[in-house]
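Okay, my_file06.cif is below, mmCIF, C-alpha atoms and all ligand atoms:
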```cif
data_structure
#
loop_
_atom_site.label_atom_id
_atom_site.label_comp_id
_atom_site.auth_asym_id
_atom_site.auth_seq_id
_atom_site.Cartn_x
_atom_site.Cartn_y
_atom_site.Cartn_z
CA MET A 1 -65.99 -8.05 58.01
CA HIS A 2 -63.89 -8.60 61.13
CA GLU A 3 -65.49 -9.62 64.43
CA ASN A 4 -64.95 -7.32 67.39
CA PRO A 5 -64.77 -9.54 70.51
CA HIS A 6 -65.86 -6.63 72.71
CA LYS A 7 -68.91 -5.65 70.72
CA HIS A 8 -71.32 -7.14 73.28
CA SER A 9 -70.22 -4.68 75.95
CA ARG A 10 -70.48 -1.69 73.62
CA LEU A 11 -73.05 0.87 74.76
CA LYS A 12 -75.39 2.86 72.54
CA ILE A 13 -76.02 6.34 73.88
CA VAL A 14 -78.62 8.35 71.97
CA ASN A 15 -77.29 7.67 68.47
CA ILE A 16 -73.62 7.04 69.13
CA TRP A 17 -71.67 4.04 70.42
CA VAL A 18 -69.07 3.92 73.15
CA ASP A 19 -66.96 1.24 74.81
CA PRO A 20 -67.04 1.16 78.62
CA VAL A 21 -63.28 1.37 79.11
CA ASN A 22 -61.08 3.40 81.39
CA MET A 23 -57.67 4.71 80.30
CA ARG A 24 -55.79 1.63 81.47
CA GLN A 25 -58.14 -0.73 79.64
CA ALA A 26 -58.09 1.40 76.48
CA LEU A 27 -54.30 1.38 76.47
CA TYR A 28 -54.27 -2.35 77.08
CA ARG A 29 -56.53 -2.91 74.09
CA VAL A 30 -54.26 -0.81 71.90
CA HIS A 31 -51.30 -2.79 73.18
CA ASP A 32 -53.12 -6.00 72.26
CA PHE A 33 -53.96 -4.71 68.76
CA LEU A 34 -50.29 -3.91 68.23
CA GLU A 35 -48.80 -7.07 69.64
CA ARG A 36 -51.32 -9.63 68.42
CA GLY A 37 -53.29 -8.00 65.62
CA ASP A 38 -52.83 -8.91 61.99
CA ARG A 39 -54.99 -6.16 60.54
CA LEU A 40 -55.84 -2.49 60.96
CA HIS A 41 -57.72 -1.58 64.16
CA THR A 42 -59.48 1.74 64.40
CA VAL A 43 -59.77 3.81 67.56
CA LEU A 44 -62.36 6.61 67.53
CA SER A 45 -63.71 9.07 70.07
CA ALA A 46 -67.33 9.54 71.07
CA ASN A 47 -68.60 12.93 72.20
CA PRO A 48 -71.74 15.03 71.66
CA GLU A 49 -70.25 16.76 68.61
CA LYS A 50 -69.72 13.40 66.91
CA SER A 51 -73.24 12.32 67.86
CA PHE A 52 -74.46 15.43 66.02
CA LEU A 53 -72.41 14.53 62.93
CA LEU A 54 -73.74 10.97 62.93
CA ARG A 55 -77.35 12.08 62.51
CA GLY A 56 -78.55 10.95 59.11
CA ASP A 57 -75.05 9.94 57.99
CA GLU A 58 -75.27 6.20 57.36
CA LEU A 59 -71.65 5.86 56.30
CA LEU A 60 -70.38 7.54 59.45
CA CYS A 61 -72.68 5.37 61.59
CA ARG A 62 -71.27 2.25 59.94
CA ILE A 63 -67.70 3.48 60.49
CA PHE A 64 -68.40 3.94 64.19
CA GLN A 65 -70.14 0.58 64.51
CA ASN A 66 -67.19 -1.15 62.90
CA ALA A 67 -64.54 0.66 64.95
CA ASP A 68 -62.46 -1.55 67.24
CA LEU A 69 -62.45 0.87 70.13
CA ILE A 70 -64.66 3.90 70.77
CA LEU A 71 -63.50 6.08 73.64
CA PRO A 72 -65.77 7.90 76.10
CA ASP A 73 -63.99 11.10 75.11
CA GLY A 74 -66.43 13.80 76.22
CA ILE A 75 -68.05 14.61 79.55
CA GLY A 76 -71.43 14.71 77.74
CA ILE A 77 -71.15 11.01 76.90
CA VAL A 78 -70.12 10.13 80.45
CA LEU A 79 -73.12 11.99 81.92
CA ALA A 80 -75.52 10.56 79.35
CA ALA A 81 -74.34 7.00 80.12
CA ARG A 82 -75.08 7.62 83.79
CA ILE A 83 -78.49 9.21 83.19
CA LEU A 84 -79.77 6.84 80.51
CA LEU A 85 -78.09 3.54 81.34
CA GLY A 86 -77.01 3.91 84.95
CA VAL A 87 -73.47 3.10 83.85
CA ARG A 88 -70.54 4.92 85.43
CA LEU A 89 -67.92 5.68 82.81
CA THR A 90 -64.73 7.64 83.27
CA ARG A 91 -63.57 9.98 80.56
CA VAL A 92 -60.85 8.73 78.27
CA PRO A 93 -59.86 11.80 76.25
CA GLY A 94 -58.46 10.81 72.86
CA CYS A 95 -55.65 13.35 73.20
CA GLU A 96 -54.50 11.71 76.45
CA LEU A 97 -54.73 8.18 75.08
CA MET A 98 -52.68 9.31 72.09
CA GLN A 99 -49.90 10.54 74.35
CA ASN A 100 -50.01 7.34 76.38
CA ILE A 101 -49.72 5.40 73.12
CA CYS A 102 -46.61 7.46 72.30
CA GLU A 103 -45.14 6.72 75.72
CA MET A 104 -45.84 3.00 75.35
CA SER A 105 -44.42 3.00 71.82
CA ALA A 106 -41.21 4.62 72.98
CA CYS A 107 -40.75 1.71 75.41
CA ARG A 108 -41.89 -1.08 73.14
CA GLY A 109 -40.39 0.09 69.85
CA HIS A 110 -43.59 0.69 67.86
CA SER A 111 -43.20 3.41 65.27
CA ILE A 112 -45.68 6.11 64.42
CA PHE A 113 -46.85 8.00 61.34
CA LEU A 114 -48.41 11.43 61.91
CA PHE A 115 -50.92 12.49 59.28
CA GLY A 116 -52.86 15.71 59.63
CA ALA A 117 -52.87 19.41 60.57
CA GLN A 118 -50.98 22.24 58.92
CA GLU A 119 -47.40 21.48 57.86
CA GLU A 120 -45.76 23.60 60.59
CA VAL A 121 -48.05 22.12 63.25
CA ASN A 122 -47.36 18.58 62.07
CA GLU A 123 -43.60 19.18 62.03
CA LYS A 124 -43.58 20.81 65.48
CA ALA A 125 -45.80 18.07 66.93
CA ALA A 126 -43.43 15.36 65.63
CA GLN A 127 -40.47 17.16 67.17
CA THR A 128 -42.26 17.70 70.49
CA LEU A 129 -43.37 14.08 70.74
CA GLU A 130 -39.84 12.82 70.06
CA GLU A 131 -38.47 15.12 72.74
CA ARG A 132 -41.19 14.30 75.25
CA TYR A 133 -40.92 10.52 74.79
CA PRO A 134 -37.24 9.66 74.32
CA GLY A 135 -36.85 6.62 72.10
CA LEU A 136 -40.10 7.28 70.23
CA ARG A 137 -39.69 6.71 66.50
CA ILE A 138 -41.75 8.89 64.18
CA ALA A 139 -41.40 6.79 61.04
CA GLY A 140 -43.00 9.43 58.84
CA ARG A 141 -45.32 12.38 58.80
CA CYS A 142 -47.47 14.37 56.43
CA HIS A 143 -49.66 17.47 56.77
CA GLY A 144 -53.41 17.03 56.40
CA TYR A 145 -54.02 18.96 53.20
CA VAL A 146 -53.09 16.32 50.64
CA PRO A 147 -55.13 16.53 47.42
CA GLU A 148 -57.10 13.44 46.46
CA ASP A 149 -54.90 12.75 43.42
CA GLU A 150 -51.81 12.49 45.66
CA MET A 151 -53.39 10.04 48.09
CA ASP A 152 -51.92 6.94 46.38
CA GLU A 153 -48.47 8.38 46.97
CA LEU A 154 -49.26 9.08 50.62
CA ILE A 155 -50.60 5.55 51.19
CA ALA A 156 -47.37 4.16 49.69
CA LYS A 157 -45.36 6.46 51.97
CA ILE A 158 -47.25 5.27 55.07
CA ASN A 159 -46.79 1.61 54.09
CA GLU A 160 -43.10 2.04 53.29
CA SER A 161 -42.50 3.79 56.61
CA GLY A 162 -43.35 0.51 58.35
CA ALA A 163 -45.27 2.43 61.02
CA GLY A 164 -47.54 0.25 63.15
CA ILE A 165 -49.52 3.24 64.39
CA LEU A 166 -51.17 5.96 62.34
CA LEU A 167 -52.27 9.06 64.20
CA LEU A 168 -54.88 10.61 61.95
CA ALA A 169 -55.53 14.25 62.73
CA LEU A 170 -57.87 15.53 60.03
CA GLY A 171 -60.82 16.47 62.27
CA SER A 172 -64.22 14.80 62.14
CA PRO A 173 -65.83 13.47 60.05
CA LYS A 174 -62.95 13.76 57.58
CA GLN A 175 -60.63 11.42 59.47
CA GLU A 176 -63.27 8.71 59.98
CA LYS A 177 -64.19 8.86 56.28
CA TRP A 178 -60.54 8.71 55.33
CA ILE A 179 -60.19 5.43 57.28
CA ALA A 180 -63.29 4.01 55.60
CA ARG A 181 -61.95 4.89 52.18
CA TYR A 182 -58.27 4.09 52.50
CA GLY A 183 -57.92 1.91 55.61
CA SER A 184 -57.93 -1.37 53.68
CA ARG A 185 -54.84 -0.23 51.77
CA LEU A 186 -52.70 0.22 54.89
CA ASP A 187 -50.82 -3.05 55.09
CA LYS A 188 -48.50 -2.46 58.06
CA VAL A 189 -50.56 -0.18 60.26
CA ARG A 190 -52.20 -2.08 63.12
CA VAL A 191 -53.73 0.86 64.99
CA CYS A 192 -55.18 4.01 63.52
CA GLN A 193 -56.47 6.57 66.00
CA GLY A 194 -58.58 9.52 64.90
CA THR A 195 -57.09 12.32 66.96
CA GLY A 196 -58.81 15.46 65.61
CA GLY A 197 -57.08 18.65 66.67
CA THR A 198 -54.61 17.00 69.07
CA LEU A 199 -51.52 17.83 67.00
CA ASP A 200 -52.39 21.52 67.36
CA VAL A 201 -52.39 21.06 71.13
CA ILE A 202 -49.10 19.11 71.13
CA ALA A 203 -47.47 21.72 68.91
CA GLY A 204 -48.71 24.46 71.22
CA ALA A 205 -50.85 26.09 68.52
CA VAL A 206 -53.99 25.49 70.60
CA LYS A 207 -54.11 25.39 74.41
CA ARG A 208 -55.79 22.48 76.14
CA ALA A 209 -57.98 23.36 79.12
CA PRO A 210 -56.17 23.25 82.48
CA ASP A 211 -56.75 20.05 84.49
CA ALA A 212 -59.08 21.76 86.96
CA TRP A 213 -61.49 22.70 84.14
CA CYS A 214 -61.36 19.15 82.74
CA ARG A 215 -61.99 17.62 86.16
CA ILE A 216 -65.21 19.54 86.65
CA GLY A 217 -66.38 18.79 83.12
CA LEU A 218 -65.94 22.30 81.71
CA GLU A 219 -63.29 21.66 79.08
CA TRP A 220 -65.86 22.59 76.40
CA LEU A 221 -66.42 26.01 78.06
CA TYR A 222 -62.69 26.72 78.21
CA ARG A 223 -62.33 25.84 74.54
CA LEU A 224 -65.29 28.03 73.66
CA MET A 225 -63.91 31.00 75.60
CA ASN A 226 -60.56 30.65 73.85
CA ASN A 227 -62.06 30.14 70.43
CA PRO A 228 -65.53 31.71 70.17
CA SER A 229 -65.91 30.50 66.58
CA ARG A 230 -66.45 27.01 68.06
CA ILE A 231 -69.95 28.16 69.00
CA LYS A 232 -71.24 26.75 65.68
CA ARG A 233 -69.96 23.29 66.61
CA GLN A 234 -70.95 23.56 70.21
CA LYS A 235 -74.59 23.86 69.35
CA ALA A 236 -74.21 20.08 69.37
CA LEU A 237 -74.02 20.21 73.18
CA PRO A 238 -77.54 21.54 73.96
CA ALA A 239 -78.93 19.42 71.11
CA PHE A 240 -77.35 16.32 72.68
CA ALA A 241 -78.57 17.27 76.17
CA TRP A 242 -82.08 17.69 74.78
CA ARG A 243 -82.01 14.25 73.15
CA VAL A 244 -80.77 12.67 76.40
CA PHE A 245 -83.58 14.40 78.30
CA ARG A 246 -86.17 13.23 75.75
CA GLU A 247 -84.95 9.63 75.90
CA LYS A 248 -84.99 9.67 79.69
CA ILE A 249 -88.56 10.96 79.76
CA ARG A 250 -89.62 8.40 77.14
CA ALA A 251 -88.02 5.58 79.13
CA SER A 252 -89.78 6.59 82.33
CA LEU A 253 -93.27 6.78 80.76
N1 LIG B 301 -57.33 19.35 59.20
C1 LIG B 301 -56.54 18.72 58.27
N2 LIG B 301 -57.00 18.59 57.00
C2 LIG B 301 -58.22 19.07 56.61
C3 LIG B 301 -59.05 19.67 57.59
C4 LIG B 301 -58.56 19.80 58.88
O1 LIG B 301 -55.45 18.27 58.57
O2 LIG B 301 -58.57 18.92 55.44
C5 LIG B 301 -56.81 19.46 60.56
C6 LIG B 301 -56.76 20.88 61.10
O3 LIG B 301 -55.58 21.51 60.66
C7 LIG B 301 -56.77 20.62 62.60
C8 LIG B 301 -57.64 19.37 62.72
O4 LIG B 301 -57.69 18.78 61.43
O5 LIG B 301 -55.47 20.31 63.03
C9 LIG B 301 -59.08 19.65 63.13
O6 LIG B 301 -59.12 19.99 64.42
P1 LIG B 301 -60.52 20.12 65.18
O7 LIG B 301 -60.23 20.61 66.54
O8 LIG B 301 -61.48 20.86 64.33
O9 LIG B 301 -61.00 18.57 65.20
P2 LIG B 301 -61.86 17.76 66.24
O10 LIG B 301 -60.90 17.28 67.29
O11 LIG B 301 -62.90 18.68 66.82
O12 LIG B 301 -62.43 16.66 65.40
#
```
Show how you would write the structure in this file as structure tokens.
Ligand code: UDP
Amino acid sequence: MHENPHKHSRLKIVNIWVDPVNMRQALYRVHDFLERGDRLHTVLSANPEKSFLLRGDELLCRIFQNADLILPDGIGIVLAARILLGVRLTRVPGCELMQNICEMSACRGHSIFLFGAQEEVNEKAAQTLEERYPGLRIAGRCHGYVPEDEMDELIAKINESGAGILLLALGSPKQEKWIARYGSRLDKVRVCQGTGGTLDVIAGAVKRAPDAWCRIGLEWLYRLMNNPSRIKRQKALPAFAWRVFREKIRASL
């Protein structure tokens, strides 16, 4: 098992882990993985929904613990870090880091493989990213509905593409489990970021909350209003708040 040199600064918040990085530091770490790494590095996002998924799922917990970088993606994690640990984090949304990675790659010549989402979304996202970041090389792409018996072929395609970055957009926990299962077979990829539904946002199939909503920590409300079926997933938010409250009370007794 590889040693993560930053593991000592990693924070545990309720039942999920997070690295205390801001956007610049996160991007620098990715840069370092790409320029100096000789293995696959995984970049995951921490938010209350993931914390909910981690409950009782040993494999998913192990995947998070072994990740090379875990972003403070959600406002819930940022607030919980402040309340429980007195640590001030700033949000590093995975979808923004992903776009910064694309911008950096366009300048530094790293190529990218996009895996995930519906075929038309994946295709449109690839096109949009190439237009938005001139010079960016999308070395390959594949929609996210590949049957298990075609996975060997996909792994070969990713390896042959020579891409150093894999943007994995299968949603959670599917994407994390995919890395655990197939990550060791990726021989050229140096950074794999789990990006959830970001390709849908890039392709314009799903709208991201306007900046003002994000700044005041209400991105979740905007997403809920635009897609009421998310209510099932967003029950993770009050559950997470309750666990933070319980831990705070316990710590002050
Ligand atoms: N998806 C996929 N393959 C699957 C299931 C889902 O590619 O087998 C894609 C889906 O099309 C969508 C994304 O994964 O683009 C899930 O987005 P969601 O917002 O649910 O993920 P989150 O960011 O919340 O993890």
Can you tell me how far atom CA of Asp38 of chain A sits from atom CA of Pro5 of chain A, in Å to one decimal?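 Going from atom CA of Asp38 of chain A over to atom CA of Pro5 of chain A covers 14.7 Å.
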Polymer residues at most 8 Å from Ile202 of chain A, only C-alpha atoms, same-chain spacing of 3 or more positions, as an MDAnalysis selection string: chainID A and resid 125 128:129 198:199 205
Determine, using only C-alpha atoms and all ligand atoms, which residues of chain A have any atom at most 8 Å from an atom of ligand LIG 301 (chain B), and tabulate each with its shortest atom pair and distance in Å to one decimal place, rows ordered by chain and then rising number, as JSON lines.
```
{"residue": "A:Glu49", "atom": "CA", "partner": "B:LIG301", "partner_atom": "O11", "distance": 7.8}
{"residue": "A:Phe115", "atom": "CA", "partner": "B:LIG301", "partner_atom": "O1", "distance": 7.4}
{"residue": "A:Gly116", "atom": "CA", "partner": "B:LIG301", "partner_atom": "O1", "distance": 3.8}
{"residue": "A:Ala117", "atom": "CA", "partner": "B:LIG301", "partner_atom": "O3", "distance": 3.4}
{"residue": "A:Gln118", "atom": "CA", "partner": "B:LIG301", "partner_atom": "O3", "distance": 5.0}
{"residue": "A:Val121", "atom": "CA", "partner": "B:LIG301", "partner_atom": "O5", "distance": 7.6}
{"residue": "A:His143", "atom": "CA", "partner": "B:LIG301", "partner_atom": "O1", "distance": 6.1}
{"residue": "A:Gly144", "atom": "CA", "partner": "B:LIG301", "partner_atom": "O1", "distance": 3.2}
{"residue": "A:Tyr145", "atom": "CA", "partner": "B:LIG301", "partner_atom": "N2", "distance": 4.8}
{"residue": "A:Val146", "atom": "CA", "partner": "B:LIG301", "partner_atom": "O2", "distance": 7.7}
{"residue": "A:Ala169", "atom": "CA", "partner": "B:LIG301", "partner_atom": "O4", "distance": 5.2}
{"residue": "A:Leu170", "atom": "CA", "partner": "B:LIG301", "partner_atom": "O4", "distance": 3.5}
{"residue": "A:Gly171", "atom": "CA", "partner": "B:LIG301", "partner_atom": "O12", "distance": 3.5}
{"residue": "A:Ser172", "atom": "CA", "partner": "B:LIG301", "partner_atom": "O12", "distance": 4.2}
{"residue": "A:Pro173", "atom": "CA", "partner": "B:LIG301", "partner_atom": "O12", "distance": 7.1}
{"residue": "A:Lys174", "atom": "CA", "partner": "B:LIG301", "partner_atom": "C3", "distance": 7.1}
{"residue": "A:Thr195", "atom": "CA", "partner": "B:LIG301", "partner_atom": "O10", "distance": 6.3}
{"residue": "A:Gly196", "atom": "CA", "partner": "B:LIG301", "partner_atom": "O10", "distance": 3.2}
{"residue": "A:Gly197", "atom": "CA", "partner": "B:LIG301", "partner_atom": "O6", "distance": 3.3}
{"residue": "A:Thr198", "atom": "CA", "partner": "B:LIG301", "partner_atom": "O10", "distance": 6.5}
{"residue": "A:Leu199", "atom": "CA", "partner": "B:LIG301", "partner_atom": "O5", "distance": 6.1}
{"residue": "A:Asp200", "atom": "CA", "partner": "B:LIG301", "partner_atom": "O5", "distance": 5.4}
```
Select, from A:Glu219, A:Glu58, A:Glu119, A:Glu96, the residue with the minimum atom-to-atom distance to Arg24 of chain A, counting only C-alpha atoms.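 Of A:Glu219, A:Glu58, A:Glu119, A:Glu96, the one nearest Arg24 of chain A is A:Glu96, counting only C-alpha atoms.
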One number please: atom CA of Cys192 of chain A to atom CA of Thr42 of chain A, in Å, one decimal. 4.9 Å
I'd like to know which of A:Arg10, A:Arg137, A:Arg215, A:Arg132 is closest to Ile112 of chain A, using all atoms listed in the file.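 Counting all atoms listed in the file, the residue closest to Ile112 of chain A is A:Arg137.
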Work out how far atom CA of Val18 of chain A is from atom CA of Arg55 of chain A, in Å to one decimal.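 Separation of atom CA of Arg55 of chain A and atom CA of Val18 of chain A: 15.8 Å.
Comparing the minimum interatomic distances between Met104 of chain A and each of A:His31, A:Lys207, A:Arg141, A:Arg246, counting only C-alpha atoms, we find that A:His31 sits nearest.
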